[in-house]
Amino acid sequence: MKMTVLALLAAAEAIALRQAAEASPVQHVLVQMPLLVLAGVLISWDMRGRRRVWAVPLLLTALTAFLFWMLPRSVDWALTPAGETAKYLSLPLLLGVPLRLSWPWLAPVLRGFLKANVLSMLGVLGFLYTHAPLRICNSYLVSAQQDLGFAFLQLAVVLACIWAVPVLFGHPRWLPSGSAGCSKCGA
Amino acid sequence: MNTISENYVPGHAAAAPQAGAVKLTMVLSGAVFALMMVFGLLMRAAQGQWIDLDAALFYQLLTAHGAGMVGTAALSGAAIMWYFCGRHLVLSGGIFWAFLGLFLLGVVLILGAIFIGGYGGAWTFLFPLPALSGGAWEAGAAAAFMLGYTAIGVGFLLYYLELGRRIHARYGSLVRALGWNLILGREDNDPPPPAIVAAAAVTIFNSIGIILGAAVLVASLVHLLVPGFEVDALLAKNLIYFFGHVFINASIYMAVTAVYEILPEYTGKPWKSNRLFAIAWNAVLIFVMAVYWHHLLQDVVMPPWMLVVGQLVSYFSGIPLIAVTAFSTFLYVRGSRMTWDLASSLLVLSVAGWSVGSIPASIDGMISVNKVMHNTMWVPGHFHTYLLLGEVVMAFGFMAWLVRGKTISQMDGLDRAAFVTYLAGAAGFVTVFLFSGAASIPRRWAVHYEEWLAHDRIGTLFGGLVVLGTLVFVLRFAARLGRREG
């Protein structure tokens with residue numbers, strides 16, 4: 001119940017950021033979209049992932065949705081009525097939920113690989129958005145595009161620290177174990 | 001002739017984890033080392049005008065030689081470290097096979113890019129050269145080359161993720177595996193052995209290097225396929241040299257685990273981690289990532305403080321190596337009455353070669369020297385010392401040890417001849433490079449002036465000796481692989 005309320009709060013916050021998302025690509029791509037994904041993760045928090053065999057298809061679904069919304073063209077489209085509806089539905093349901101349901105079943109090396117890949121791709125996006133000689137998203141100014149590029153790089157650094165600290169210094173006792181699956185999900 | 005010392009820690013020598021996969025990797029490594037050395041020999045002979053080599057082919061060979069040697073040094077180093085970490089950790093064989101498969105896929109792509117696509121932009125794929133071939137190769141060839149690197153990088157990432165998670169599971173954290181309890185004087189009933197300390201350090205810095213390398217590779221690929229997307233050239237150069245410097249250094253730091261684990265069998269004294277050893281490896285972890293700026297000393301647009309740090313860390317980075325590994329090797333060997341067979345001789349030589357190689361490296365790391373020497377043969381002189389007399393010798397020493405059997409005996413005539421031939425050839429070869437650098441002969445030139453030919457020809461002769469010695473080491477290893485232990 002608590003997670004459902006939190007999911008609804010995340011979704012409501014994302015919808016409330018509608019105008020801010022139009023004004024700034026940083027708020028759109030790095031605040032609103034992650035909030036929608038978070039809503040999907042939270043809504044499925046207590047669901048039981050029934051079978052390991054579903055992990056790979058679910059992961060592929062999540063990755064496909066992720067790849068689609070990584071494209072600058074998709075970010076532009078997300079500001080149109082049809083695109084906005086697709087965004088509000090697909091990010092929680094096709095990215096957040098499948099990611100949550102598949103994650104506990106994934107092998108630790110695969111999880112590490114996905115995290116490393118996220119860092120590399122944030123670096124690539126940072127490269128492209130800060131140095132592209134043209135407007136990648138027609139809805140935003142070049143200066144805003146560059147802000148987004150730097151925000152990608154900052155996010156990469158923050159995520160790298162968050163993921164590296166438990167590996168370097170040991171898993172904090174106050175956090176649930178992150179590597180041995182999830183009892184609630186049955187993994 | 002004697003058997004393994006009874007003073008040696010039991011249990012260590014008995015373990016032979018995934019020996020089949022490691023032996024196959026070492027056979028492949030040995031074969032590629034030999035082939036790449038032949039490529040190098042052809043280039044030196046062409047520079048000396050003893051053979052006629054088309055300039056385009058010269059740069060293709062240069063690219064294959066650089067990428068092949070760096071890749072194979074890393075492959076052999078990874079196999080060595082995997083083998084010895086397997087004595088202390090339970091490692092997944094599937095990951096090693098995936099690593100090897102991705103590596104071979106990368107090799108196929110790289111060789112195809114070079115010898116079918118004509119790519120000759122050097123192993124450093126420095127932006128924007130891959131996209132500016134002047135008609136020598138198509139964008140597809142450069143893209144295949146970078147996809148090959150990406151496949152190899154993914155393989156290494158899987159390798160380090162497996163290693164890192166097993167170290168984490170065994171020791172609770174990477175900092176404990178790095179020996180922080182030893183450094184801080186805390187009690188530790190299960191201190192990490194030297195191979196684990198090295199593995200933890202390499203896992204950290206090479207994972208960072210690979211992640212950053214992947215970012216610049218993909219950005220360069222996007223630029224190749226959509227030329228409108230520019231990449232900041234200075235940032236790209238920083239990332240490429242961070243990745244490249246860390247990657248090639250990691251190959252030596254992985255291979256040195258052979259010294260830590262094998263030499264105690266000969267000296268009878270186990271090589272244990274202590275406070276100084278842990279401090280040295282933690283320093284290596286920082287220095288190897290901070291020193292890459294010495295590759296950019298000629299980039300005047302770099303912030304000056306970075307170049308100063310590059311010079312200072314170049315000095316400091318030799319200290320942990322020489323103070324700990326080289327000095328410790330000297331102490332372990334001194335008075336141990338060890339038997340000098342091919343494996344022990346090569347391993348001790350490798351530490352000596354590695355240490356000597358740090359001297360020309362530090363000299364070239366000085367800004368005032370680098371201004372004059374950076375684009376001369378001095379630079380290949382320094383890294384060939386590290387590799388020909390360091391990492392490659394560690395790999396050959398490990399290979400000799402793998403097929404040695406349980407008894408240790410003095411070198412026979414063929415082993416001694418091969419060892420002396422290789423040592424004379426490698427020492428002469430790198431010395432000629434350094435002399436050529438001091439004489440301001442430029443590097444990477446396919447065609448040389450008349451005045452430089454004597455250097456090239458002497459270098460070719462020494463290179464021939466290196467190839468001869470290598471062929472004996474590799475063929476001897478392959479021939480003895482199927483033999484029963486005795």
# chains A, B, ... in the order shown; residues from 1 in each chain; ligands from 1
>>> interface_residues(of="chain B", to="chain A", cutoff="8 Å", atoms="only C-alpha atoms", output="PyMOL selection string")
chain B and resi 157-158+161-162+165+168+172-176+211-212+214-216+218-219+228-232
>>> residues_around(residues="stretch 20-29 of chain A", least_positions_apart="5", cutoff="10 Å", atoms="only C-alpha atoms", output="PDB file with C-alpha atoms, in the first residue's frame")
ATOM      1  CA  ALA A  14       5.629  13.980 -13.084  1.00  0.00           C
ATOM      2  CA  ILE A  15       2.319  15.306 -14.380  1.00  0.00           C
ATOM      3  CA  PRO A  34      12.714   9.256 -14.350  1.00  0.00           C
ATOM      4  CA  LEU A  35       9.738  10.063 -12.091  1.00  0.00           C
ATOM      5  CA  TRP A  69      13.067   7.430 -25.159  1.00  0.00           C
ATOM      6  CA  MET A  70      16.831   8.056 -25.373  1.00  0.00           C
ATOM      7  CA  PRO A  72      16.277  13.155 -29.195  1.00  0.00           C
ATOM      8  CA  VAL A  75      12.032  13.702 -26.602  1.00  0.00           C
ATOM      9  CA  ASP A  76      10.598  16.186 -29.117  1.00  0.00           C
ATOM     10  CA  ALA A  78       6.923  13.606 -26.112  1.00  0.00           C
ATOM     11  CA  LEU A  79       5.838  17.261 -26.097  1.00  0.00           C
ATOM     12  CA  CYS A 137      15.687  18.692 -30.144  1.00  0.00           C
ATOM     13  CA  SER A 139      11.680  22.146 -28.984  1.00  0.00           C
ATOM     14  CA  TYR A 140      14.638  23.468 -27.015  1.00  0.00           C
ATOM     15  CA  LEU A 141      17.364  26.085 -27.427  1.00  0.00           C
ATOM     16  CA  ALA A 144      19.367  24.312 -23.015  1.00  0.00           C
ATOM     17  CA  GLN A 145      20.615  21.342 -25.009  1.00  0.00           C
ATOM     18  CA  GLN A 146      24.127  21.988 -23.718  1.00  0.00           C
ATOM     19  CA  ASP A 147      22.788  22.218 -20.162  1.00  0.00           C
ATOM     20  CA  LEU A 148      21.260  18.791 -20.669  1.00  0.00           C
ATOM     21  CA  GLY A 149      24.589  17.455 -21.929  1.00  0.00           C
ATOM     22  CA  PHE A 150      26.389  18.657 -18.809  1.00  0.00           C
ATOM     23  CA  ALA A 151      23.566  17.301 -16.647  1.00  0.00           C
ATOM     24  CA  PHE A 152      24.074  13.867 -18.275  1.00  0.00           C
TER      25      PHE A 152
END
>>> atom_distance(atom1="atom CA of A:Pro98", atom2="atom CA of B:Val154")
24.3 Å
>>> residues_around(residues="B:Ser436", least_positions_apart="2", cutoff="10 Å", atoms="only C-alpha atoms", output="PyMOL selection string")
chain B and resi 376-378+381+430-434+438-443+452+454-456+459
>>> residues_around(residues="stretch 183-198 of chain B", least_positions_apart="5", cutoff="6 Å", atoms="only C-alpha atoms", output="VMD selection string")
chain B and resid 177 to 178 257 272 to 273 275
>>> atom_distance(atom1="atom CA of B:Ser29", atom2="atom CA of B:Lys237")
28.7 Å
